[in-house]
$ cat query.cif   # mmCIF, C-alpha atoms
data_model
#
loop_
_atom_site.label_atom_id
_atom_site.label_comp_id
_atom_site.auth_asym_id
_atom_site.auth_seq_id
_atom_site.Cartn_x
_atom_site.Cartn_y
_atom_site.Cartn_z
CA MET A 1 -14.97 -22.40 -27.99
CA ALA A 2 -17.05 -25.46 -28.83
CA ALA A 3 -13.85 -27.51 -28.99
CA SER A 4 -12.79 -26.54 -25.47
CA PRO A 5 -12.96 -29.30 -22.82
CA GLN A 6 -15.67 -29.80 -20.22
CA VAL A 7 -13.22 -29.89 -17.33
CA PRO A 8 -12.21 -27.58 -14.46
CA GLY A 9 -9.50 -25.12 -15.28
CA VAL A 10 -8.31 -21.65 -16.19
CA TYR A 11 -8.72 -19.93 -19.55
CA THR A 12 -7.15 -16.85 -21.10
CA PHE A 13 -8.42 -14.44 -23.76
CA HIS A 14 -5.36 -13.21 -25.68
CA GLY A 15 -5.15 -10.03 -27.75
CA ALA A 16 -3.73 -9.80 -31.26
CA ASN A 17 -0.69 -7.82 -30.06
CA ASN A 18 1.79 -10.59 -29.16
CA HIS A 19 -1.10 -12.51 -27.64
CA TYR A 20 -1.16 -10.13 -24.68
CA PRO A 21 -3.55 -11.48 -21.97
CA LEU A 22 -6.82 -9.56 -21.99
CA TYR A 23 -8.77 -11.59 -19.45
CA ILE A 24 -8.10 -14.65 -17.27
CA GLY A 25 -10.94 -16.63 -15.75
CA LYS A 26 -11.66 -19.99 -14.13
CA SER A 27 -14.51 -22.48 -14.09
CA ILE A 28 -15.40 -26.00 -13.05
CA ASN A 29 -16.44 -26.45 -16.72
CA ILE A 30 -14.29 -24.48 -19.16
CA ARG A 31 -16.52 -25.01 -22.24
CA THR A 32 -19.71 -23.93 -20.47
CA ARG A 33 -18.02 -20.82 -19.07
CA LEU A 34 -16.48 -19.82 -22.40
CA LEU A 35 -19.83 -20.16 -24.20
CA SER A 36 -21.44 -17.96 -21.53
CA HIS A 37 -19.12 -15.11 -22.56
CA LEU A 38 -20.81 -15.11 -25.99
CA ARG A 39 -24.19 -14.44 -24.38
CA THR A 40 -23.07 -11.40 -22.42
CA PRO A 41 -23.43 -8.10 -24.35
CA LYS A 42 -21.18 -6.30 -21.85
CA GLU A 43 -18.28 -8.48 -22.99
CA ALA A 44 -18.50 -7.47 -26.66
CA ARG A 45 -15.41 -5.24 -26.32
CA LEU A 46 -13.40 -8.12 -24.87
CA LEU A 47 -14.47 -10.54 -27.58
CA LYS A 48 -13.76 -8.02 -30.35
CA GLN A 49 -10.14 -7.70 -29.20
CA THR A 50 -9.60 -11.44 -28.69
CA ALA A 51 -7.35 -13.23 -31.19
CA LEU A 52 -6.83 -16.48 -29.30
CA ILE A 53 -8.27 -18.39 -26.34
CA SER A 54 -6.07 -20.80 -24.42
CA TYR A 55 -6.89 -22.96 -21.42
CA ILE A 56 -5.18 -25.02 -18.73
CA PRO A 57 -7.13 -27.97 -17.24
CA THR A 58 -6.92 -28.43 -13.46
CA ALA A 59 -7.84 -31.21 -11.06
CA GLY A 60 -10.66 -29.27 -9.42
CA GLU A 61 -12.10 -25.98 -8.30
CA ILE A 62 -9.46 -25.16 -5.67
CA SER A 63 -6.74 -25.86 -8.24
CA ALA A 64 -8.45 -23.52 -10.70
CA LEU A 65 -8.88 -20.77 -8.09
CA LEU A 66 -5.22 -20.93 -7.05
CA LEU A 67 -3.94 -20.93 -10.63
CA GLU A 68 -6.26 -18.09 -11.66
CA ALA A 69 -5.11 -15.91 -8.75
CA GLN A 70 -1.47 -16.66 -9.49
CA MET A 71 -1.77 -15.95 -13.24
CA ILE A 72 -3.70 -12.69 -12.77
CA LYS A 73 -1.11 -11.35 -10.32
CA GLN A 74 1.74 -12.32 -12.63
CA GLN A 75 0.26 -11.24 -15.97
CA GLN A 76 -2.03 -8.31 -14.99
CA PRO A 77 -4.67 -8.82 -17.75
CA LEU A 78 -6.38 -5.71 -19.09
CA PHE A 79 -9.98 -6.69 -18.28
CA ASN A 80 -9.49 -8.28 -14.83
CA ARG A 81 -10.29 -6.09 -11.86
CA ARG A 82 -10.14 -8.65 -9.04
CA LEU A 83 -7.09 -10.51 -7.76
CA ARG A 84 -4.60 -7.99 -9.15
CA LYS A 85 -1.30 -7.85 -7.33
CA THR A 86 -1.40 -5.10 -4.74
CA LYS A 87 0.82 -4.05 -1.89
CA ASP A 88 -1.97 -1.96 -0.35
CA THR A 89 -3.94 -4.79 1.29
CA CYS A 90 -3.83 -4.45 5.07
CA SER A 91 -5.24 -5.65 8.39
CA PHE A 92 -5.70 -4.42 11.94
CA VAL A 93 -3.09 -5.71 14.41
CA LEU A 94 -3.70 -5.36 18.15
CA ASN A 95 -0.66 -5.89 20.40
CA GLU A 96 0.89 -4.55 23.59
CA THR A 97 1.65 -1.19 21.96
CA GLY A 98 -1.91 -0.64 20.74
CA LEU A 99 -3.91 -0.92 17.54
CA HIS A 100 -2.07 -0.64 14.21
CA ILE A 101 -2.84 -0.98 10.53
CA GLN A 102 -0.33 -3.32 8.91
CA TYR A 103 0.18 -4.26 5.26
CA THR A 104 -0.41 -7.98 4.70
CA ASP A 105 2.83 -8.14 2.70
CA ASP A 106 4.65 -7.33 5.94
CA MET A 107 3.20 -10.26 7.89
CA THR A 108 6.11 -12.55 8.68
CA ASP A 109 4.07 -15.12 10.63
CA GLU A 110 0.70 -16.74 10.06
CA PRO A 111 -2.37 -14.67 11.02
CA ALA A 112 -2.77 -15.12 14.77
CA ASN A 113 -5.54 -14.10 17.14
CA ASN A 114 -4.34 -10.48 17.16
CA VAL A 115 -4.81 -9.93 13.40
CA TYR A 116 -8.21 -8.71 12.23
CA GLY A 117 -9.78 -8.21 8.82
CA ILE A 118 -8.50 -7.85 5.28
CA PHE A 119 -8.96 -4.42 3.70
CA LYS A 120 -8.05 -3.30 0.18
CA ASN A 121 -6.08 -0.30 1.46
CA GLN A 122 -5.46 1.92 4.50
CA PHE A 123 -8.31 4.26 3.57
CA SER A 124 -10.90 1.47 3.70
CA ALA A 125 -9.37 0.15 6.96
CA LYS A 126 -9.61 3.60 8.57
CA ASP A 127 -13.18 4.05 7.31
CA ARG A 128 -14.15 0.74 8.90
CA LEU A 129 -12.40 1.75 12.14
CA ARG A 130 -14.44 4.97 12.28
CA GLU A 131 -17.63 2.94 11.86
CA LEU A 132 -16.56 0.64 14.71
CA ALA A 133 -15.66 3.66 16.85
CA ASP A 134 -19.16 5.07 16.37
CA GLU A 135 -20.84 1.73 17.06
CA TYR A 136 -18.81 0.90 20.18
CA LYS A 137 -18.09 4.48 21.38
CA LEU A 138 -14.35 4.01 21.02
CA CYS A 139 -11.90 6.89 21.24
CA LEU A 140 -9.86 7.41 18.07
CA SER A 141 -7.52 9.71 20.01
CA VAL A 142 -6.71 7.01 22.55
CA LEU A 143 -6.21 4.58 19.67
CA GLY A 144 -3.75 6.97 18.06
CA PHE A 145 -5.74 7.76 14.93
CA GLU A 146 -6.64 11.34 15.88
CA PRO A 147 -4.69 14.08 17.77
CA HIS A 148 -4.98 13.93 21.56
CA THR A 149 -4.51 16.80 24.02
CA LYS A 150 -3.67 15.44 27.48
CA GLY A 151 -6.37 16.15 30.06
CA ARG A 152 -8.96 17.19 27.48
CA GLY A 153 -11.70 15.19 25.85
CA CYS A 154 -11.65 14.65 22.10
CA PHE A 155 -14.20 16.25 19.77
CA ARG A 156 -16.09 12.97 19.42
CA SER A 157 -16.59 12.79 23.20
CA ALA A 158 -18.27 16.22 23.06
CA ILE A 159 -20.81 14.91 20.56
CA GLN A 160 -21.24 11.67 22.57
CA LYS A 161 -19.66 9.37 19.98
CA CYS A 162 -16.80 8.53 22.36
CA ALA A 163 -17.39 7.20 25.88
CA GLY A 164 -14.61 9.39 27.30
CA ALA A 165 -11.50 7.24 27.73
CA CYS A 166 -9.60 10.31 26.51
CA CYS A 167 -10.70 12.46 29.48
CA GLY A 168 -11.18 10.00 32.33
CA LYS A 169 -14.92 9.36 32.00
CA GLU A 170 -14.10 5.68 31.67
CA GLY A 171 -11.01 3.58 32.30
CA ILE A 172 -8.65 2.42 29.55
CA ASP A 173 -9.30 -1.22 30.43
CA GLN A 174 -13.03 -0.75 29.92
CA HIS A 175 -12.37 0.98 26.58
CA ASN A 176 -9.98 -1.76 25.44
CA THR A 177 -12.47 -4.50 26.32
CA ARG A 178 -14.98 -2.92 23.95
CA LEU A 179 -12.26 -2.59 21.32
CA GLU A 180 -11.52 -6.33 21.50
CA THR A 181 -15.24 -7.07 21.24
CA ALA A 182 -15.53 -4.82 18.18
CA LEU A 183 -12.60 -6.52 16.45
CA LYS A 184 -13.67 -10.12 17.11
CA GLN A 185 -15.94 -10.19 14.07
CA PHE A 186 -12.87 -9.63 11.86
CA THR A 187 -10.61 -12.29 13.40
CA LEU A 188 -8.48 -14.14 10.84
CA ALA A 189 -8.10 -17.85 11.33
CA ALA A 190 -4.86 -19.14 12.83
CA TRP A 191 -3.14 -21.89 10.85
CA PRO A 192 -4.76 -25.11 12.17
CA TYR A 193 -1.84 -27.50 11.53
CA SER A 194 1.54 -28.04 13.17
CA GLY A 195 3.35 -27.92 9.83
CA ALA A 196 2.89 -27.96 6.07
CA ILE A 197 0.02 -29.74 4.32
CA ALA A 198 -0.95 -30.69 0.79
CA VAL A 199 -4.46 -30.16 -0.54
CA LYS A 200 -5.22 -32.98 -2.99
CA GLU A 201 -7.65 -32.73 -5.92
CA SER A 202 -8.45 -35.23 -8.67
CA PHE A 203 -10.35 -35.04 -11.95
CA GLY A 204 -10.11 -38.07 -14.21
CA ARG A 205 -6.43 -38.96 -14.49
CA LEU A 206 -5.29 -35.50 -13.45
CA LYS A 207 -4.13 -35.07 -9.86
CA GLN A 208 -2.74 -31.99 -8.14
CA TYR A 209 -1.20 -31.53 -4.69
CA HIS A 210 -1.02 -27.93 -3.44
CA VAL A 211 1.54 -27.30 -0.71
CA LEU A 212 0.49 -24.83 1.99
CA HIS A 213 2.01 -23.62 5.24
CA ASN A 214 0.81 -20.78 7.49
CA TRP A 215 -1.79 -19.88 4.82
CA ARG A 216 1.01 -19.39 2.27
CA TYR A 217 0.91 -21.22 -1.07
CA HIS A 218 4.19 -22.95 -1.93
CA GLY A 219 3.39 -24.44 -5.33
CA SER A 220 1.72 -27.51 -6.80
CA TYR A 221 2.82 -31.02 -7.75
CA LYS A 222 1.26 -33.51 -10.16
CA SER A 223 2.22 -36.69 -8.30
CA MET A 224 3.05 -38.08 -4.89
CA GLN A 225 6.57 -38.70 -6.14
CA GLY A 226 7.01 -35.01 -6.94
CA LEU A 227 5.42 -34.05 -3.63
CA LYS A 228 8.14 -35.97 -1.74
CA ASN A 229 10.61 -33.27 -2.80
CA TYR A 230 8.45 -30.29 -1.87
CA ARG A 231 10.06 -27.04 -0.76
CA LEU A 232 9.00 -24.16 1.46
CA ASP A 233 10.23 -20.76 0.33
CA LYS A 234 10.88 -18.55 3.35
CA ASP A 235 10.30 -15.44 1.20
CA THR A 236 6.69 -16.37 0.32
CA LEU A 237 4.45 -13.63 1.70
CA PHE A 238 0.98 -13.84 3.19
CA ASP A 239 -1.45 -13.27 0.32
CA ALA A 240 -4.95 -12.09 1.26
CA ASP A 241 -6.52 -13.54 -1.91
CA MET A 242 -4.97 -16.97 -1.33
CA TYR A 243 -6.20 -16.87 2.27
CA LYS A 244 -9.77 -16.14 1.11
CA ILE A 245 -9.60 -19.03 -1.39
CA LEU A 246 -8.26 -21.55 1.13
CA VAL A 247 -9.79 -20.73 4.50
CA LYS A 248 -13.22 -22.33 3.98
CA PRO A 249 -12.18 -25.61 2.29
CA ILE A 250 -9.39 -26.14 4.84
CA LEU A 251 -11.28 -25.22 7.99
CA PHE A 252 -14.63 -26.76 7.11
CA GLY A 253 -13.46 -30.06 5.69
CA SER A 254 -14.39 -29.84 2.01
CA ALA A 255 -10.76 -30.36 0.93
CA GLU A 256 -8.73 -33.58 1.10
CA ILE A 257 -5.78 -32.77 3.38
CA LEU A 258 -2.46 -34.61 3.56
CA ALA A 259 -0.11 -33.79 6.44
CA LEU A 260 3.47 -33.41 5.20
CA PRO A 261 6.73 -34.29 6.95
CA GLU A 262 9.43 -31.67 7.35
CA PRO A 263 10.99 -30.86 3.96
CA SER A 264 14.47 -32.18 3.34
CA ARG A 265 15.72 -28.65 2.90
CA PHE A 266 14.34 -25.13 2.44
CA ASN A 267 14.65 -23.10 -0.70
CA CYS A 268 16.07 -19.87 0.64
CA GLU A 269 16.89 -18.25 -2.67
#
$ encode --input "query.cif" --output "structure tokens"
Amino acid sequence: MAASPQVPGVYTFHGANNHYPLYIGKSINIRTRLLSHLRTPKEARLLKQTALISYIPTAGEISALLLEAQMIKQQQPLFNRRLRKTKDTCSFVLNETGLHIQYTDDMTDEPANNVYGIFKNQFSAKDRLRELADEYKLCLSVLGFEPHTKGRGCFRSAIQKCAGACCGKEGIDQHNTRLETALKQFTLAAWPYSGAIAVKESFGRLKQYHVLHNWRYHGSYKSMQGLKNYRLDKDTLFDADMYKILVKPILFGSAEILALPEPSRFNCE
């Protein structure tokens, strides 16, 4: 560990069995982070099973975060709990047909103003919806998440947790206005550019350009020359973890952004 570099990057603890990945982490200083593992008694089991530690230097923190997320999803290390690949992540979508819970893997366009929140699964999304319904006196029957008998109030209206859109005590428009207010706190950011961009990071001689479009990550390049031949893969899905990594540095100006011209062709494989 003492020989590891003091640079940003991603490191991997490998097990003795075919160097199977046990844990993947990232840091802005690989050596400091690796040495910190030695001082944590809770990590004794990990260290006991480790046969090899490898590392990949990156050009900065964003580069390390993106690579870590990508490697964890691909390799599924034993000791990592966060960033694992999951098809259960979902959001609320409000459109002309009502409120729905949609898997983020099924999002074909960038998050727009009608997409709200990122939840680890449908159960957590429905739990949060019940909390919002209580706070804003929304009707889960009207929203389609509980059975509704026409002309009768729902059970929640009887205990005064619903304002009565189900039985005519208030109008649907009034109910829906409160619904929109309740959801605003979970609004996902719309993509703020007209096309693709590259996020540039540098550390010493190492440079990395990360290509992004509609909050989707389309790979990294080590030089401007390589970046000239960038591709956008139409099959790249919206990834909630990548969105969480990128939204603050892109929206609040901490990242160096390069606007990209239209690619010469799309990789549609």
$ resolve_selection --input "query.cif" --expression "the PyMOL selection byres ((chain A and resi 193) around 12)" --output "PyMOL selection string"
chain A and resi 110+189-192+194-198+212-215+250-251+257-261
$ resolve_selection --input "query.cif" --expression "the PyMOL selection byres ((chain A and resi 25-39) around 9)" --output "ChimeraX atom specification"
/A:1-13,23-24,40-41,43-44,47,55,57-58,60-61,64-65,67-68,72,80
$ atom_distance --input "query.cif" --atom1 "CA of Gln122 (chain A)" --atom2 "CA of Thr104 (chain A)"
11.1 Å
$ closest_residue --input "query.cif" --among "A:Asn114, A:Ser63, A:Gln102, A:Thr97" --to "Ala255 (chain A)" --atoms "all atoms listed in the file"
A:Ser63
$ closest_residue --input "query.cif" --among "A:Leu188, A:Met242, A:Leu46, A:Ala133" --to "Ile118 (chain A)" --atoms "all atoms listed in the file"
A:Leu188
$ closest_residue --input "query.cif" --among "A:Gln160, A:Val199, A:Gln174, A:Asp241" --to "Gly253 (chain A)" --atoms "all atoms listed in the file"
A:Val199
$ residues_around --input "query.cif" --residues "Ser124 (chain A)" --least-positions-apart "4" --cutoff "12 Å" --atoms "all atoms listed in the file" --output "number ranges by chain"
A: 88-92, 101, 117-120, 128-131
$ atom_distance --input "query.cif" --atom1 "CA of Gln208 (chain A)" --atom2 "CA of Ile62 (chain A)"
9.9 Å
$ resolve_selection --input "query.cif" --expression "the PyMOL selection byres ((chain A and resi 153) around 12)" --output "ChimeraX atom specification"
/A:139-142,146-152,154-170
$ atom_distance --input "query.cif" --atom1 "CA of Leu78 (chain A)" --atom2 "CA of His210 (chain A)"
27.7 Å
$ closest_residue --input "query.cif" --among "A:Ala69, A:Ala59, A:Gln225, A:Gly144" --to "Leu206 (chain A)" --atoms "only C-alpha atoms"
A:Ala59
$ closest_residue --input "query.cif" --among "A:Val211, A:Leu237, A:Ala16, A:Leu246" --to "Tyr103 (chain A)" --atoms "all atoms listed in the file"
A:Leu237
$ closest_residue --input "query.cif" --among "A:Leu94, A:Met107, A:Leu22, A:Ala51" --to "Phe238 (chain A)" --atoms "all atoms listed in the file"
A:Met107
$ decode --input "query.cif" --residues "region 13-25 of chain A" --atoms "all heavy atoms" --output "tab-separated table (two decimals), in the first residue's frame"
chain	number	residue	atom	x	y	z
A	13	PHE	N	-9.56	-4.36	-4.35
A	13	PHE	CA	-9.06	-5.45	-3.52
A	13	PHE	C	-9.47	-6.76	-4.21
A	13	PHE	O	-10.65	-7.01	-4.41
A	13	PHE	CB	-9.66	-5.40	-2.12
A	13	PHE	CG	-9.13	-4.30	-1.24
A	13	PHE	CD1	-9.64	-3.01	-1.32
A	13	PHE	CD2	-8.11	-4.55	-0.33
A	13	PHE	CE1	-9.16	-2.00	-0.52
A	13	PHE	CE2	-7.61	-3.54	0.48
A	13	PHE	CZ	-8.14	-2.26	0.38
A	14	HIS	N	-8.47	-7.59	-4.55
A	14	HIS	CA	-8.74	-8.85	-5.23
A	14	HIS	C	-8.58	-10.02	-4.28
A	14	HIS	O	-7.65	-10.04	-3.45
A	14	HIS	CB	-7.77	-9.05	-6.40
A	14	HIS	CG	-7.82	-7.97	-7.44
A	14	HIS	ND1	-8.66	-8.02	-8.52
A	14	HIS	CD2	-7.12	-6.80	-7.54
A	14	HIS	CE1	-8.48	-6.94	-9.27
A	14	HIS	NE2	-7.56	-6.18	-8.69
A	15	GLY	N	-9.44	-11.02	-4.40
A	15	GLY	CA	-9.32	-12.23	-3.60
A	15	GLY	C	-8.32	-13.20	-4.21
A	15	GLY	O	-7.88	-13.05	-5.35
A	16	ALA	N	-7.97	-14.23	-3.44
A	16	ALA	CA	-7.00	-15.22	-3.90
A	16	ALA	C	-7.55	-16.09	-5.02
A	16	ALA	O	-6.80	-16.61	-5.85
A	16	ALA	CB	-6.56	-16.09	-2.72
A	17	ASN	N	-8.87	-16.28	-5.06
A	17	ASN	CA	-9.51	-17.14	-6.05
A	17	ASN	C	-9.61	-16.42	-7.39
A	17	ASN	O	-10.55	-15.67	-7.65
A	17	ASN	CB	-10.89	-17.56	-5.56
A	17	ASN	CG	-11.56	-18.55	-6.51
A	17	ASN	OD1	-10.92	-19.08	-7.41
A	17	ASN	ND2	-12.85	-18.76	-6.32
A	18	ASN	N	-8.64	-16.62	-8.26
A	18	ASN	CA	-8.60	-16.00	-9.58
A	18	ASN	C	-8.70	-14.47	-9.51
A	18	ASN	O	-9.21	-13.84	-10.42
A	18	ASN	CB	-9.72	-16.55	-10.47
A	18	ASN	CG	-9.56	-18.02	-10.76
A	18	ASN	OD1	-8.45	-18.50	-10.98
A	18	ASN	ND2	-10.67	-18.76	-10.75
A	19	HIS	N	-8.19	-13.95	-8.41
A	19	HIS	CA	-8.18	-12.49	-8.21
A	19	HIS	C	-9.57	-11.88	-8.35
A	19	HIS	O	-9.76	-10.79	-8.87
A	19	HIS	CB	-7.21	-11.82	-9.19
A	19	HIS	CG	-5.78	-12.12	-8.89
A	19	HIS	ND1	-4.75	-11.87	-9.78
A	19	HIS	CD2	-5.19	-12.65	-7.79
A	19	HIS	CE1	-3.60	-12.24	-9.24
A	19	HIS	NE2	-3.85	-12.71	-8.03
A	20	TYR	N	-10.57	-12.61	-7.87
A	20	TYR	CA	-11.95	-12.13	-7.90
A	20	TYR	C	-12.05	-10.81	-7.14
A	20	TYR	O	-11.50	-10.66	-6.04
A	20	TYR	CB	-12.86	-13.17	-7.25
A	20	TYR	CG	-14.32	-12.79	-7.25
A	20	TYR	CD1	-15.12	-13.05	-8.37
A	20	TYR	CD2	-14.92	-12.15	-6.16
A	20	TYR	CE1	-16.46	-12.69	-8.39
A	20	TYR	CE2	-16.25	-11.79	-6.17
A	20	TYR	CZ	-17.01	-12.06	-7.29
A	20	TYR	OH	-18.33	-11.70	-7.32
A	21	PRO	N	-12.74	-9.78	-7.70
A	21	PRO	CA	-12.83	-8.48	-7.02
A	21	PRO	C	-13.67	-8.56	-5.74
A	21	PRO	O	-14.82	-8.97	-5.78
A	21	PRO	CB	-13.50	-7.57	-8.06
A	21	PRO	CG	-14.24	-8.49	-8.96
A	21	PRO	CD	-13.44	-9.76	-9.01
A	22	LEU	N	-13.06	-8.19	-4.64
A	22	LEU	CA	-13.76	-8.18	-3.35
A	22	LEU	C	-14.37	-6.81	-3.07
A	22	LEU	O	-15.49	-6.72	-2.55
A	22	LEU	CB	-12.78	-8.53	-2.23
A	22	LEU	CG	-12.13	-9.91	-2.29
A	22	LEU	CD1	-11.06	-10.02	-1.21
A	22	LEU	CD2	-13.16	-11.01	-2.14
A	23	TYR	N	-13.64	-5.77	-3.40
A	23	TYR	CA	-14.11	-4.42	-3.09
A	23	TYR	C	-13.48	-3.44	-4.08
A	23	TYR	O	-12.29	-3.54	-4.39
A	23	TYR	CB	-13.74	-4.01	-1.67
A	23	TYR	CG	-14.18	-2.61	-1.29
A	23	TYR	CD1	-15.50	-2.36	-0.90
A	23	TYR	CD2	-13.29	-1.54	-1.35
A	23	TYR	CE1	-15.91	-1.08	-0.58
A	23	TYR	CE2	-13.70	-0.25	-1.03
A	23	TYR	CZ	-15.01	-0.03	-0.64
A	23	TYR	OH	-15.42	1.24	-0.34
A	24	ILE	N	-14.28	-2.51	-4.57
A	24	ILE	CA	-13.80	-1.45	-5.46
A	24	ILE	C	-14.13	-0.11	-4.83
A	24	ILE	O	-15.26	0.13	-4.41
A	24	ILE	CB	-14.45	-1.55	-6.86
A	24	ILE	CG1	-14.01	-2.86	-7.54
A	24	ILE	CG2	-14.07	-0.35	-7.73
A	24	ILE	CD1	-14.73	-3.13	-8.85
A	25	GLY	N	-13.14	0.76	-4.75
A	25	GLY	CA	-13.34	2.07	-4.15
A	25	GLY	C	-12.66	3.15	-4.98
A	25	GLY	O	-11.95	2.88	-5.94
